[in-house]
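Student: One structure, as structure tokens, below. Some questions next.
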There are 2 protein chains.
Amino acid sequence: MFDRVALVGIGLIGSSLAHVIRREGLAGTIVVSTRSAATLERAAELDLGDVYEGDPAKAVENADLVIVSVPVGASGAVARAIAPALKAGAIVTDVGSTKGSVVSQMAPELPSSVHFIPGHPIAGTERSGPDAGFADLFDGRWCILTPLPDTDPDALARLSGFWEACGSKVDVMDPAHHDMVLAIVSHLPHIIAYNIVGTADDLEAVTKSEVIKYSASGFRDFTRLAASDPTMWRDVCLHNREAILEMLARFSEDLSALQRAIRWGDGDKLFDLFTHTRAVRRSIIEAGQDIDVPDFGRHVVAHPPRDAREPEKSGSS
Amino acid sequence: MFDRVALVGIGLIGSSLAHVIRREGLAGTIVVSTRSAATLERAAELDLGDVYEGDPAKAVENADLVIVSVPVGASGAVARAIAPALKAGAIVTDVGSTKGSVVSQMAPELPSSVHFIPGHPIAGTERSGPDAGFADLFDGRWCILTPLPDTDPDALARLSGFWEACGSKVDVMDPAHHDMVLAIVSHLPHIIAYNIVGTADDLEAVTKSEVIKYSASGFRDFTRLAASDPTMWRDVCLHNREAILEMLARFSEDLSALQRAIRWGDGDKLFDLFTHTRAVRRSIIEAGQDIDVPDFGRHVVAHPPRDAREPEKSGSS
């Protein structure tokens with residue numbers, strides 16, 4: 001599909017791309033680049049690419065597709081570093097969680113001879129680094145592309161085809177709408193998760209040990225998002241500020257109303273909300289965006305079906 | 001372990017108890033009782049017990065152990081209904097998520113000839129009803145017992161032994177402390193999850209379809225808790241009000257500070273919080289209270305290891 005793909009940044013997303021590009025044969029040569037020498041060495045040990053290059057400018061030379069996978073706060077610096085070395089006609093894209101800020105950082109730096117098409121695959125786990133990647137990460141997940149008004153349709157089609165070959169479904173929207181949508185579906189959930197984990201960790205009436213021991217009653221679900229990469233999420237908060245503050249304000253308004261219903265014992269109001277939200281999960285499962293197994297499948301992983309384990313303790317089951 | 005165990009209520013917890021009691025041989029006879037005729041019939045179809053009884057008073061006759069597994073708002077009515085039929089010396093316990101309220105509802109109704117020991121297994125999934133139960137639910141999870149000042153130590157030891165035989169580890173604490181601990185580890189997470197799903201569903205700038213499609217970026221994690229049983233959670237909110245309001249106030253204070261850090265671009269403060277919370281998840285995994293697999297194991301369930309599937313598309317992986 002491409003002769004030479006340069007992956008600038010080799011964390012969870014970059015390394016997952018390396019795996020799927022290799023598996024699906026989407027590139028003649030995969031160039032891996034990251035500024036950390038230790039990470040680059042680790043990427044080589046993991047055999048993620050064909051060429052390893054510490055200097056991003058060298059990495060993008062002659063590449064037909066350049067995928068920048070770095071915390072969004074570093075997008076501008078990367079664009080500046082690679083700009084002089086880019087091949088005319090190359091497609092340059094990114095995978096950042098904010099798009100308005102990435103456009104304003106990268107677009108002014110890049111030469112008009114390349115096709116700059118910002119993107120964001122809606123996929124991830126709480127792990128980070130080159131060891132965290134796996135080829136199935138994008139399977140069935142959406143990838144949002146936010147082309148600029150003058151984007152070449154052929155380049156857009158090529159990049160869409162690439163993401164589809166990685167297993168994704170592709171949507172196109174403008175950067176501002178992307179940032180509003182992601183503020184509610186991704187940024188607010190992460191911020192709330194970080195916050196509740198912080199609140200629980202700061203209590204004096206309940207010990208940290210109690211929080212840990214009894215976490216299976218709900219709390220542990222939040223700790224997964226709150227274990228996400230701190231640099232990435234600091235940058236998201238700083239680079240999608242307006243949309244995040246808007247969503248936080250709405251969340252807090254709704255929480256005040258819910259708090260009032262609890263204080264005044266308004267059981268009907270609580271029951272209505274709690275019934276309503278159940279349908280949302282059903283829709284997500286029907287849309288193939290979560291698995292139809294209780295507890296996210298944890299119990300399946302922790303307790304494989306009996307016939308795959310040791311004999312039963314008693315005769316019946 | 002017991003000649004006759006009566007399960008009053010046969011939802012997720014009641015039916016999981018039925019499975020594990022049967023598997024481990026903990027009762028000579030399992031009596032299943034629920035006031036809904038349809039649910040009782042379903043329980044019989046699932047072969048959850050030995051005897052099925054719509055009338056809770058009949059169900060508890062001659063039982064050595066009575067386990068009440070109903071929404072906490074129904075505890076008082078159940079206690080009133082079974083009180084006259086209880087065998088002297090029987091142990092009566094419950095599995096409710098609040099303990100102060102259950103004690104104040106049930107203790108005055110029960111005869112002094114029985115051992116009333118409130119309890120709460122810290123385990124569950126988002127599913128409810130008799131089909132939702134499974135024998136492994138309590139494996140490695142904690143069960144909190146909140147005995148009253150005059151509780152007989154032998155009865156407490158028998159009930160502890162029962163929960164250990166179900167796979168649980170047992171802790172003992174007073175009801176008020178239980179309610180404070182659960183407010184932060186369970187009640188607040190559920191309320192926050194219900195709230196954020198409600199907020200997302202009410203937006204006009206982002207469509208419901210967009211929320212569903214892009215939910216894998218974080219939001220879907222919250223929808224699991226927000227799909228929990230509405231009656232159960234309405235009752236929890238109404239019956240642990242003071243502790244929940246206290247935790248909500250702390251959460252909101254912390255969220256205001258976080259919001260301020262976002263507004264003013266205080267990246268160091270954000271980075272500190274986001275780093276700190278990562279350690280909490282590590283502790284939960286080390287304590288065996290969540291699985292050490294990214295994404296709660298979803299990807300493992302959705303994409304089993306390659307050697308268990310069809311042959312690979314390309315030669316390398």
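Within each chain, counting starts at residue 1; across the structure tokens, chains are named A, B, ... in the order shown, with ligands numbered 1 upward in that order.
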Kindly determine which residues of chain A lie within 6 Å of chain B, considering only C-alpha atoms, and give the answer as a ChimeraX atom specification.

Tutor: /A:23,122-123,125,181,185-186,189,199,206,212,215,217-219,223,226-227,230,234,238,251,265,270-271,274-275,277-278,281,284,295-298,314,316-317

Student: Near region 156-161 of chain B, within 7 Å and counting only C-alpha atoms, which residues show up once chain neighbours fewer than 4 positions away are dropped, as a list in words?

Tutor: Asp152, Ala165 and Val170 of chain B

Student: Near Ala85 (chain A), within 10 Å and counting only C-alpha atoms, which residues show up once chain neighbours fewer than 6 positions away are dropped, as a PDB file with all heavy atoms, in the first residue's frame?

Tutor:
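Saved result, result.pdb, follows:
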```pdb
ATOM      1  N   PRO A  56      14.136  12.337  13.842  1.00  0.00           N
ATOM      2  CA  PRO A  56      12.887  12.239  13.078  1.00  0.00           C
ATOM      3  C   PRO A  56      13.028  12.733  11.634  1.00  0.00           C
ATOM      4  O   PRO A  56      12.349  12.209  10.739  1.00  0.00           O
ATOM      5  CB  PRO A  56      11.912  13.118  13.878  1.00  0.00           C
ATOM      6  CG  PRO A  56      12.748  13.984  14.755  1.00  0.00           C
ATOM      7  CD  PRO A  56      14.008  13.226  15.017  1.00  0.00           C
ATOM      8  N   ALA A  57      13.905  13.711  11.399  1.00  0.00           N
ATOM      9  CA  ALA A  57      14.083  14.216  10.029  1.00  0.00           C
ATOM     10  C   ALA A  57      14.649  13.103   9.135  1.00  0.00           C
ATOM     11  O   ALA A  57      14.171  12.875   8.021  1.00  0.00           O
ATOM     12  CB  ALA A  57      15.009  15.434  10.033  1.00  0.00           C
ATOM     13  N   LYS A  58      15.621  12.387   9.656  1.00  0.00           N
ATOM     14  CA  LYS A  58      16.178  11.270   8.883  1.00  0.00           C
ATOM     15  C   LYS A  58      15.114  10.184   8.675  1.00  0.00           C
ATOM     16  O   LYS A  58      15.031   9.547   7.628  1.00  0.00           O
ATOM     17  CB  LYS A  58      17.374  10.653   9.625  1.00  0.00           C
ATOM     18  CG  LYS A  58      18.645  11.480   9.549  1.00  0.00           C
ATOM     19  CD  LYS A  58      19.856  10.566   9.217  1.00  0.00           C
ATOM     20  CE  LYS A  58      21.112  11.376   8.948  1.00  0.00           C
ATOM     21  NZ  LYS A  58      21.994  11.420  10.130  1.00  0.00           N
ATOM     22  N   ALA A  59      14.296   9.978   9.699  1.00  0.00           N
ATOM     23  CA  ALA A  59      13.301   8.895   9.641  1.00  0.00           C
ATOM     24  C   ALA A  59      12.280   9.120   8.520  1.00  0.00           C
ATOM     25  O   ALA A  59      11.820   8.166   7.885  1.00  0.00           O
ATOM     26  CB  ALA A  59      12.576   8.774  10.984  1.00  0.00           C
ATOM     27  N   VAL A  60      11.917  10.372   8.276  1.00  0.00           N
ATOM     28  CA  VAL A  60      10.836  10.629   7.315  1.00  0.00           C
ATOM     29  C   VAL A  60      11.334  10.767   5.881  1.00  0.00           C
ATOM     30  O   VAL A  60      10.527  10.844   4.944  1.00  0.00           O
ATOM     31  CB  VAL A  60      10.013  11.894   7.698  1.00  0.00           C
ATOM     32  CG1 VAL A  60       9.455  11.756   9.113  1.00  0.00           C
ATOM     33  CG2 VAL A  60      10.838  13.172   7.549  1.00  0.00           C
ATOM     34  N   GLU A  61      12.660  10.793   5.683  1.00  0.00           N
ATOM     35  CA  GLU A  61      13.200  10.911   4.326  1.00  0.00           C
ATOM     36  C   GLU A  61      12.652   9.803   3.428  1.00  0.00           C
ATOM     37  O   GLU A  61      12.734   8.619   3.773  1.00  0.00           O
ATOM     38  CB  GLU A  61      14.738  10.794   4.365  1.00  0.00           C
ATOM     39  CG  GLU A  61      15.431  12.122   4.549  1.00  0.00           C
ATOM     40  CD  GLU A  61      16.940  11.935   4.716  1.00  0.00           C
ATOM     41  OE1 GLU A  61      17.477  10.877   4.326  1.00  0.00           O
ATOM     42  OE2 GLU A  61      17.576  12.862   5.271  1.00  0.00           O
ATOM     43  N   ASN A  62      12.120  10.200   2.292  1.00  0.00           N
ATOM     44  CA  ASN A  62      11.587   9.247   1.301  1.00  0.00           C
ATOM     45  C   ASN A  62      10.360   8.459   1.751  1.00  0.00           C
ATOM     46  O   ASN A  62       9.930   7.538   1.062  1.00  0.00           O
ATOM     47  CB  ASN A  62      12.660   8.243   0.860  1.00  0.00           C
ATOM     48  CG  ASN A  62      13.702   8.933  -0.014  1.00  0.00           C
ATOM     49  OD1 ASN A  62      13.327   9.650  -0.942  1.00  0.00           O
ATOM     50  ND2 ASN A  62      14.959   8.735   0.308  1.00  0.00           N
ATOM     51  N   ALA A  63       9.792   8.794   2.934  1.00  0.00           N
ATOM     52  CA  ALA A  63       8.593   8.091   3.366  1.00  0.00           C
ATOM     53  C   ALA A  63       7.376   8.604   2.593  1.00  0.00           C
ATOM     54  O   ALA A  63       7.251   9.802   2.329  1.00  0.00           O
ATOM     55  CB  ALA A  63       8.365   8.300   4.863  1.00  0.00           C
ATOM     56  N   PRO A 111       5.380  21.832   4.794  1.00  0.00           N
ATOM     57  CA  PRO A 111       5.412  22.406   3.437  1.00  0.00           C
ATOM     58  C   PRO A 111       4.126  22.089   2.678  1.00  0.00           C
ATOM     59  O   PRO A 111       3.480  21.068   2.933  1.00  0.00           O
ATOM     60  CB  PRO A 111       6.621  21.716   2.788  1.00  0.00           C
ATOM     61  CG  PRO A 111       6.824  20.462   3.555  1.00  0.00           C
ATOM     62  CD  PRO A 111       6.347  20.727   4.961  1.00  0.00           C
TER      63      PRO A 111
END
```

Student: At a cut-off of 6 Å, using only C-alpha atoms, what residues contact Val32 (chain A)? Leave out same-chain residues fewer than 4 positions from it and give the result as a CSV table (one decimal) with C-alpha atoms, in the first residue's frame.

Tutor:
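Wrote it out as out08.csv, contents follow:
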```
chain,number,residue,atom,x,y,z
A,7,LEU,CA,6.3,5.9,12.6
A,49,GLY,CA,10.3,-2.1,12.2
A,52,TYR,CA,15.4,2.5,13.4
```

Student: Can you check which residues of region 7-194 of chain A DSSP gives as alpha helix (DSSP H) on the backbone and send them as a ChimeraX atom specification?

Tutor: /A:12-24,37-45,56-60,75-82,100-106,153-165,175-182,188-194

Student: Just the residues within 7 Å of Ala83 (chain B), please, counting only C-alpha atoms, with nothing from its chain fewer than 4 positions along; format it as a ChimeraX atom specification.

Tutor: /B:79,109-111

Student: Output the selection as a short mmCIF file (atom, residue, chain, number, x, y, z; two decimals), in the first residue's frame - C-alpha atoms for each residue.

Tutor:
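What follows is the written file again-v2.cif:
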```
data_model
loop_
_atom_site.label_atom_id
_atom_site.label_comp_id
_atom_site.auth_asym_id
_atom_site.auth_seq_id
_atom_site.Cartn_x
_atom_site.Cartn_y
_atom_site.Cartn_z
CA ALA B 79 -37.77 -9.42 58.06
CA GLU B 109 -38.40 -7.34 63.53
CA LEU B 110 -36.39 -10.49 64.21
CA PRO B 111 -36.87 -12.69 67.30
#
```

Student: One decimal, in Å: what's the spacing between CA of Asp64 (chain A) and CA of Gly119 (chain A)?

Tutor: 16.3 Å

Student: With only C-alpha atoms as the counted atoms, please give the residues lying no more than 9 Å from Arg42 (chain A), apart from itself and same-chain residues fewer than 5 positions off, as a ChimeraX atom specification.

Tutor: /A:37,47,130-131

Student: List the spatial neighbours of Lys99 (chain B) as a CSV table (one decimal) with N, CA and C atoms, in the first residue's frame - criterion: any atom at most 7 Å away, only C-alpha atoms, same-chain residues fewer than 4 positions off excluded.

Tutor:
```
chain,number,residue,atom,x,y,z
B,103,VAL,N,-29.7,-2.9,59.4
B,103,VAL,CA,-29.7,-3.2,60.8
B,103,VAL,C,-31.0,-2.5,61.4
B,118,PRO,N,-25.7,-9.2,59.8
B,118,PRO,CA,-25.7,-8.6,58.5
B,118,PRO,C,-24.4,-8.8,57.8
B,175,PRO,N,-21.2,-1.5,61.3
B,175,PRO,CA,-22.1,-1.0,60.2
B,175,PRO,C,-21.8,0.4,59.7
B,178,HIS,N,-18.6,0.4,57.6
B,178,HIS,CA,-18.9,-0.3,56.3
B,178,HIS,C,-19.6,0.8,55.4
B,179,ASP,N,-20.5,1.5,55.9
B,179,ASP,CA,-21.3,2.4,55.0
B,179,ASP,C,-20.4,3.5,54.5
```

Student: Of the candidates B:Ser113, B:Gly9, B:Ala27, B:Arg35, which shows the shortest atom-to-atom distance to Val72 (chain B), using only C-alpha atoms?

Tutor: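 The closest residue to Val72 (chain B) is B:Gly9.
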